[in-house]
Structure formats: C-alpha cells, structure tokens
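J.: I am sharing data.cif, which consists of mmCIF, C-alpha atoms:
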data_coords
loop_
_atom_site.group_PDB
_atom_site.id
_atom_site.type_symbol
_atom_site.label_atom_id
_atom_site.label_comp_id
_atom_site.auth_asym_id
_atom_site.auth_seq_id
_atom_site.Cartn_x
_atom_site.Cartn_y
_atom_site.Cartn_z
ATOM 1 C CA MET A 81 -39.097 103.576 -18.537
ATOM 2 C CA ARG A 82 -41.497 103.067 -15.611
ATOM 3 C CA THR A 83 -43.066 99.820 -14.457
ATOM 4 C CA TRP A 84 -46.279 99.736 -12.441
ATOM 5 C CA SER A 85 -48.062 96.670 -11.183
ATOM 6 C CA LEU A 86 -51.832 96.710 -11.056
ATOM 7 C CA LEU A 87 -54.166 94.538 -9.094
ATOM 8 C CA PHE A 88 -57.228 93.414 -11.075
ATOM 9 C CA GLY A 89 -59.330 91.064 -8.977
ATOM 10 C CA THR A 90 -56.884 88.669 -7.345
ATOM 11 C CA LEU A 91 -54.218 88.777 -10.067
ATOM 12 C CA ALA A 92 -51.384 91.271 -10.268
ATOM 13 C CA PHE A 93 -50.463 92.645 -13.699
ATOM 14 C CA SER A 94 -47.350 94.545 -14.697
ATOM 15 C CA VAL A 95 -47.646 97.467 -17.045
ATOM 16 C CA ILE A 96 -44.433 98.678 -18.650
ATOM 17 C CA LEU A 97 -44.421 102.238 -19.958
ATOM 18 C CA SER A 98 -41.981 103.912 -22.303
ATOM 19 C CA ALA A 99 -42.147 106.683 -24.872
ATOM 20 C CA LYS A 100 -42.563 104.429 -27.923
ATOM 21 C CA ALA A 101 -43.038 100.817 -26.852
ATOM 22 C CA ILE A 102 -46.148 100.163 -24.812
ATOM 23 C CA LYS A 103 -46.605 96.653 -23.519
ATOM 24 C CA CYS A 104 -48.650 94.660 -21.096
ATOM 25 C CA SER A 105 -47.717 91.332 -19.590
ATOM 26 C CA LEU A 106 -49.214 88.417 -17.742
ATOM 27 C CA PRO A 107 -49.196 88.180 -13.974
ATOM 28 C CA SER A 108 -46.042 86.828 -12.446
ATOM 29 C CA GLY A 109 -46.067 84.195 -9.748
ATOM 30 C CA GLU A 110 -45.810 86.877 -7.079
ATOM 31 C CA PRO A 111 -48.423 89.513 -6.341
ATOM 32 C CA GLY A 112 -47.416 93.028 -7.331
ATOM 33 C CA GLU A 113 -48.111 96.378 -5.778
ATOM 34 C CA SER A 114 -51.106 98.494 -6.696
ATOM 35 C CA TYR A 115 -50.647 102.069 -7.782
ATOM 36 C CA SER A 116 -53.570 103.886 -6.210
ATOM 37 C CA ILE A 117 -54.953 107.373 -6.105
ATOM 38 C CA SER A 118 -54.431 108.510 -2.536
ATOM 39 C CA GLY A 119 -57.329 107.673 -0.263
ATOM 40 C CA THR A 120 -59.670 106.358 -2.968
ATOM 41 C CA GLY A 121 -58.638 102.738 -3.349
ATOM 42 C CA TYR A 122 -58.718 103.125 -7.150
ATOM 43 C CA SER A 123 -56.149 101.316 -9.247
ATOM 44 C CA ILE A 124 -54.848 103.246 -12.220
ATOM 45 C CA ALA A 125 -52.690 102.537 -15.250
ATOM 46 C CA GLU A 126 -51.505 105.208 -17.640
ATOM 47 C CA MET A 127 -50.661 104.143 -21.179
ATOM 48 C CA GLY A 128 -48.781 106.586 -23.339
ATOM 49 C CA SER A 129 -49.688 110.221 -23.037
ATOM 50 C CA SER A 130 -53.367 109.777 -23.759
ATOM 51 C CA PHE A 131 -55.178 106.691 -22.435
ATOM 52 C CA ALA A 132 -55.478 105.798 -18.759
ATOM 53 C CA PHE A 133 -57.479 103.104 -16.997
ATOM 54 C CA VAL A 134 -59.009 103.422 -13.539
ATOM 55 C CA GLN A 135 -60.509 100.421 -11.792
ATOM 56 C CA LYS A 136 -62.959 101.854 -9.262
ATOM 57 C CA THR A 137 -64.488 98.581 -8.033
ATOM 58 C CA ASP A 138 -64.350 94.932 -9.050
ATOM 59 C CA SER A 139 -67.143 95.599 -11.569
ATOM 60 C CA LEU A 140 -66.681 99.243 -12.572
ATOM 61 C CA SER A 141 -63.728 100.660 -14.486
ATOM 62 C CA VAL A 142 -63.236 103.886 -16.396
ATOM 63 C CA LEU A 143 -61.149 104.362 -19.513
ATOM 64 C CA THR A 144 -59.972 107.965 -19.838
ATOM 65 C CA LEU A 145 -58.390 109.899 -22.663
ATOM 66 C CA ARG A 146 -56.414 113.084 -22.048
ATOM 67 C CA THR A 147 -55.057 115.235 -24.854
ATOM 68 C CA ASP A 148 -53.580 118.739 -24.792
ATOM 69 C CA SER A 149 -57.040 120.299 -24.959
ATOM 70 C CA THR A 150 -59.616 117.595 -24.094
ATOM 71 C CA PHE A 151 -60.535 114.992 -21.498
ATOM 72 C CA ASP A 152 -62.991 112.152 -22.155
ATOM 73 C CA ARG A 153 -64.092 109.060 -20.225
ATOM 74 C CA TRP A 154 -65.841 105.753 -21.001
ATOM 75 C CA GLU A 155 -67.353 103.716 -18.175
ATOM 76 C CA LEU A 156 -67.047 99.936 -18.305
ATOM 77 C CA PRO A 157 -69.581 98.446 -15.863
ATOM 78 C CA PHE A 158 -68.034 94.959 -16.019
ATOM 79 C CA PRO A 159 -65.225 93.101 -14.301
ATOM 80 C CA THR A 160 -61.972 93.692 -16.198
ATOM 81 C CA TYR A 161 -58.847 91.565 -16.484
ATOM 82 C CA ARG A 162 -56.448 93.361 -18.856
ATOM 83 C CA PHE A 163 -55.587 96.820 -20.207
ATOM 84 C CA CYS A 164 -53.075 97.478 -22.992
ATOM 85 C CA ALA A 165 -52.450 100.254 -25.475
ATOM 86 C CA GLY A 166 -50.628 100.289 -28.771
ATOM 87 C CA ASP A 167 -50.994 101.285 -32.407
ATOM 88 C CA LEU A 168 -53.095 98.514 -33.979
ATOM 89 C CA ASN A 169 -54.102 100.236 -37.215
ATOM 90 C CA GLY A 170 -50.813 101.928 -38.145
ATOM 91 C CA ASP A 171 -52.092 105.509 -37.923
ATOM 92 C CA GLY A 172 -49.489 106.560 -35.346
ATOM 93 C CA GLN A 173 -52.023 106.828 -32.492
ATOM 94 C CA ASP A 174 -52.482 104.232 -29.789
ATOM 95 C CA GLU A 175 -55.680 102.272 -29.435
ATOM 96 C CA ALA A 176 -56.782 101.092 -25.988
ATOM 97 C CA MET A 177 -57.489 97.376 -25.508
ATOM 98 C CA VAL A 178 -59.560 96.377 -22.492
ATOM 99 C CA GLY A 179 -60.422 92.833 -21.426
ATOM 100 C CA VAL A 180 -63.915 92.627 -19.912
ATOM 101 C CA ILE A 181 -65.895 89.720 -18.500
ATOM 102 C CA LYS A 182 -69.501 89.768 -19.666
ATOM 103 C CA ALA A 183 -72.273 87.979 -21.499
ATOM 104 C CA THR A 184 -73.268 89.045 -25.012
ATOM 105 C CA ARG A 185 -76.418 88.768 -27.069
ATOM 106 C CA PHE A 186 -75.200 85.683 -28.942
ATOM 107 C CA TYR A 187 -73.132 84.177 -26.087
ATOM 108 C CA PRO A 188 -75.239 84.428 -22.907
ATOM 109 C CA GLU A 189 -72.599 82.987 -20.542
ATOM 110 C CA PRO A 190 -70.221 85.551 -19.013
ATOM 111 C CA ALA A 191 -66.771 85.111 -20.537
ATOM 112 C CA ARG A 192 -63.624 87.064 -21.334
ATOM 113 C CA ARG A 193 -64.110 89.531 -24.185
ATOM 114 C CA LEU A 194 -61.886 92.125 -25.849
ATOM 115 C CA TYR A 195 -62.910 95.742 -26.399
ATOM 116 C CA ILE A 196 -60.834 98.117 -28.533
ATOM 117 C CA PHE A 197 -61.183 101.912 -28.366
ATOM 118 C CA LYS A 198 -59.626 104.734 -30.389
ATOM 119 C CA ASN A 199 -59.001 108.454 -30.033
ATOM 120 C CA VAL A 200 -61.212 110.413 -32.462
ATOM 121 C CA ARG A 201 -60.477 114.140 -32.116
ATOM 122 C CA GLY A 202 -60.030 113.819 -28.352
ATOM 123 C CA ARG A 203 -63.067 111.566 -27.777
ATOM 124 C CA ILE A 204 -63.080 107.856 -26.902
ATOM 125 C CA ARG A 205 -64.842 105.838 -29.591
ATOM 126 C CA PRO A 206 -65.248 102.058 -29.781
ATOM 127 C CA LEU A 207 -63.489 100.322 -32.648
ATOM 128 C CA TRP A 208 -64.517 96.820 -31.691
ATOM 129 C CA MET A 209 -66.537 95.411 -28.812
ATOM 130 C CA GLY A 210 -65.916 91.784 -29.609
ATOM 131 C CA SER A 211 -68.180 88.986 -28.600
ATOM 132 C CA LYS A 212 -65.759 86.194 -29.497
ATOM 133 C CA LEU A 213 -62.433 85.356 -31.104
ATOM 134 C CA GLY A 214 -61.713 81.964 -32.681
ATOM 135 C CA GLY A 215 -61.586 80.006 -29.423
ATOM 136 C CA ILE A 216 -62.335 80.577 -25.745
ATOM 137 C CA LEU A 217 -60.363 83.713 -24.864
ATOM 138 C CA GLN A 218 -58.139 83.341 -21.816
ATOM 139 C CA ASP A 219 -55.945 86.425 -22.248
ATOM 140 C CA PHE A 220 -54.477 88.823 -24.810
ATOM 141 C CA ARG A 221 -51.591 91.218 -25.209
ATOM 142 C CA TYR A 222 -50.280 93.769 -27.675
ATOM 143 C CA VAL A 223 -47.238 92.586 -29.657
ATOM 144 C CA GLY A 224 -45.801 94.327 -32.714
ATOM 145 C CA GLY A 225 -48.976 95.991 -33.972
ATOM 146 C CA ARG A 226 -51.162 92.919 -33.393
ATOM 147 C CA VAL A 227 -53.329 91.378 -30.714
ATOM 148 C CA ARG A 228 -51.830 88.107 -29.494
ATOM 149 C CA SER A 229 -54.418 85.850 -27.872
ATOM 150 C CA LEU A 230 -54.214 82.893 -25.548
ATOM 151 C CA GLU A 231 -57.249 80.716 -26.251
ATOM 152 C CA THR A 232 -58.545 77.264 -25.361
ATOM 153 C CA ASP A 233 -60.948 74.838 -26.977
ATOM 154 C CA LYS A 234 -63.674 72.845 -25.224
ATOM 155 C CA GLY A 235 -61.199 69.989 -24.689
ATOM 156 C CA GLY A 236 -58.857 72.216 -22.667
ATOM 157 C CA ARG A 237 -56.118 72.428 -25.309
ATOM 158 C CA TYR A 238 -54.352 75.780 -25.666
ATOM 159 C CA TYR A 239 -53.831 77.910 -28.769
ATOM 160 C CA VAL A 240 -51.836 81.081 -29.342
ATOM 161 C CA ALA A 241 -53.068 83.210 -32.238
ATOM 162 C CA GLU A 242 -52.434 86.656 -33.663
ATOM 163 C CA TYR A 243 -55.054 89.059 -35.010
ATOM 164 C CA SER A 244 -54.813 92.359 -36.909
ATOM 165 C CA LEU A 245 -57.260 95.218 -36.789
ATOM 166 C CA ARG A 246 -59.137 95.598 -40.049
ATOM 167 C CA THR A 247 -61.926 97.920 -41.197
ATOM 168 C CA PHE A 248 -64.379 96.194 -38.875
ATOM 169 C CA GLY A 249 -62.892 94.347 -35.965
ATOM 170 C CA LEU A 250 -60.099 91.852 -35.683
ATOM 171 C CA ALA A 251 -59.080 89.480 -38.461
ATOM 172 C CA PHE A 252 -57.240 86.226 -37.816
ATOM 173 C CA ASP A 253 -53.634 86.309 -39.071
ATOM 174 C CA ARG A 254 -52.025 83.086 -37.892
ATOM 175 C CA PHE A 255 -51.611 80.485 -35.194
ATOM 176 C CA LEU A 256 -48.318 80.566 -33.341
ATOM 177 C CA LEU A 257 -49.202 77.327 -31.520
ATOM 178 C CA GLN A 258 -52.079 74.846 -31.735
ATOM 179 C CA ALA A 259 -53.499 72.160 -29.429
ATOM 180 C CA ALA A 260 -50.754 72.449 -26.804
ATOM 181 C CA SER A 261 -50.399 72.262 -23.031
ATOM 182 C CA ARG A 262 -50.812 75.371 -20.901
ATOM 183 C CA ASP A 263 -47.069 75.599 -20.191
ATOM 184 C CA GLU A 264 -46.152 75.356 -23.876
ATOM 185 C CA ALA A 265 -48.775 77.946 -24.773
ATOM 186 C CA MET A 266 -47.666 80.372 -22.066
ATOM 187 C CA ALA A 267 -44.060 80.220 -23.269
ATOM 188 C CA VAL A 268 -45.133 81.181 -26.813
ATOM 189 C CA PHE A 269 -47.740 83.719 -25.631
ATOM 190 C CA LEU A 270 -45.123 85.636 -23.615
ATOM 191 C CA GLN A 271 -42.513 85.795 -26.399
ATOM 192 C CA GLU A 272 -41.834 89.174 -27.980
#
As structure tokens - that is how I would like this structure written.
T.:
Amino acid sequence: MRTWSLLFGTLAFSVILSAKAIKCSLPSGEPGESYSISGTGYSIAEMGSSFAFVQKTDSLSVLTLRTDSTFDRWELPFPTYRFCAGDLNGDGQDEAMVGVIKATRFYPEPARRLYIFKNVRGRIRPLWMGSKLGGILQDFRYVGGRVRSLETDKGGRYYVAEYSLRTFGLAFDRFLLQAASRDEAMAVFLQE
C-alpha cells in the first residue's frame, strides 16, 4: 500500500492506494508533501491501474485513463478540491470522482460540485456532472460503494449523507447525521 499526499490549493490531501481498496481522505491538520512530475510543478494522483489526476494549475486539471492498449484524457478547466476512485455501480471497474468549484446554469454562484466519470472501452465518459446534492456540498469521499457527503444548510448546520449511483446520477440513500456541529459531522464523515 502506498500513501501520497497531494496539495490542492492550500489544503493537503492524502490519497491511499492499494490493489482493491481505494480511498480518499480529508486534509489533516498538517500540510502534506506534493508528489510532482519532475520540473513541471504538476501534482498527480494515481488511482488504481487506470485513472490518474494531474493538477496543472489552480484552475486546470486533467483526468487521465490508461489501460493496456489506450490512453485518454479529460480536461477540467475549474479549480478542484478532491479526487477519488472506486466502484460505484458494482460493475467491477472504478469510477473517478472529481470535486470541482464552478457555477452551473441553474446555480450561478460558484460552489463545490461533484463530477463522476467512467471507463467506456478505454475512453473517459461522464456519468454525472452534478449541479447540486441535497444541501450545500462541503466535501465528499468514497466509502463502501457509495458517495459520502459532508453538507451544510443555510443556517450553518452540518449533515452527513450517503448517495448511490443509479441509472442517471446519484440517488439519496440515507442521512448518517443531521443538523449537527462541524466537529460532530467530521467525526461521522471520516468513519469507515
């Protein structure tokens, strides 16, 4: 198992890699080290044997997919805050989950959004380019085949919810915690 820390903006993220379990976690209190491509200043995270994520600048990242016979890339011209990979739909292949900060057609204020991509015959294809979950998205992670979200409401209360990938997009499964403090929510959000 290898652990790499990535620097996205001013926050350090740890990415833990193993053959079967692929996880992502929240920043710790201490800044981590960046894994960079020599001389370029790029930050890179590899997830599994297929998806990788390269942050070129603070507002340009590239999701790549490498298979035995193909290589594909998808540019994300937005600030990013999270990258995870895991099997969301139970087909045995990992999907890539990328947190972007952007405005959408129906929500004109820039905010944290979740994009999900899949491997279709060696090509990156979007599964869901979500405009909004139930609340105000603060963060997400992959846990046990689901997306676990940390969300807030307009009053500043925190919620931890889980979503499953359905035919079109994410479907709400359950709340793990509702209307709580940040510390309470973080403790539940980080549980396996």
J.: So that I can check the surroundings of segment 152-159 of chain A, please list as number ranges by chain every protein, DNA and RNA residue that reaches within 12 Å of it, counting only C-alpha atoms and ignoring chain neighbours fewer than 6 positions away.
T.: A: 88-90, 130-146, 176, 178-184, 190-206, 209
J.: Counting all atoms listed in the file, figure out which residue out of A:Tyr161, A:Phe186, A:Tyr239, A:Phe220 gets nearest to Ala265 of chain A.
T.: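 Between A:Tyr161, A:Phe186, A:Tyr239, A:Phe220, the residue approaching Ala265 of chain A most closely is A:Tyr239.
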J.: What's the separation between atom CA of Ala251 of chain A and atom CA of Gly215 of chain A, in Å to one decimal place?
T.: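 Between atom CA of Ala251 of chain A and atom CA of Gly215 of chain A the gap works out to 13.3 Å.
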J.: Could you please give me, as a compact mmCIF listing (two decimals) with C-alpha atoms, keeping the file's coordinate frame, the residues of protein, DNA or RNA lying at most 7 Å from (-59.9, 82.5, -24.6) in the coordinate frame of the file, considering all atoms listed in the file?
T.:
# COMPACT_ATOMS: atom_id res chain seq x y z
CA ARG A 192 -63.62 87.06 -21.33
CA GLY A 215 -61.59 80.01 -29.42
CA ILE A 216 -62.34 80.58 -25.74
CA LEU A 217 -60.36 83.71 -24.86
CA GLN A 218 -58.14 83.34 -21.82
CA ASP A 219 -55.94 86.42 -22.25
CA LEU A 230 -54.21 82.89 -25.55
CA GLU A 231 -57.25 80.72 -26.25
CA THR A 232 -58.54 77.26 -25.36
J.: At what distance in Å, to one decimal, does atom CA of Asp167 of chain A lie from atom CA of Gly224 of chain A?
T.: 8.7 Å
J.: Draw an axis-aligned box tight on the listed atoms of segment 220-227 of chain A, then pad every side by 6 Å and write out centre and edge lengths in Å to one decimal as JSON.
T.:
{"center_x": -50.1, "center_y": 92.4, "center_z": -29.4, "size_x": 20.7, "size_y": 19.2, "size_z": 21.2}
J.: Go ahead and compute the interatomic distance for atom CA of Leu250 of chain A and atom CA of Gly235 of chain A, in Å to one decimal.
T.: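 Straight-line distance from atom CA of Leu250 of chain A to atom CA of Gly235 of chain A works out to 24.5 Å.
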J.: Quick one: of A:Arg262, A:Phe248, A:Arg254, A:Arg221, who's nearest to Asp233 of chain A, counting only C-alpha atoms?
T.: A:Arg262
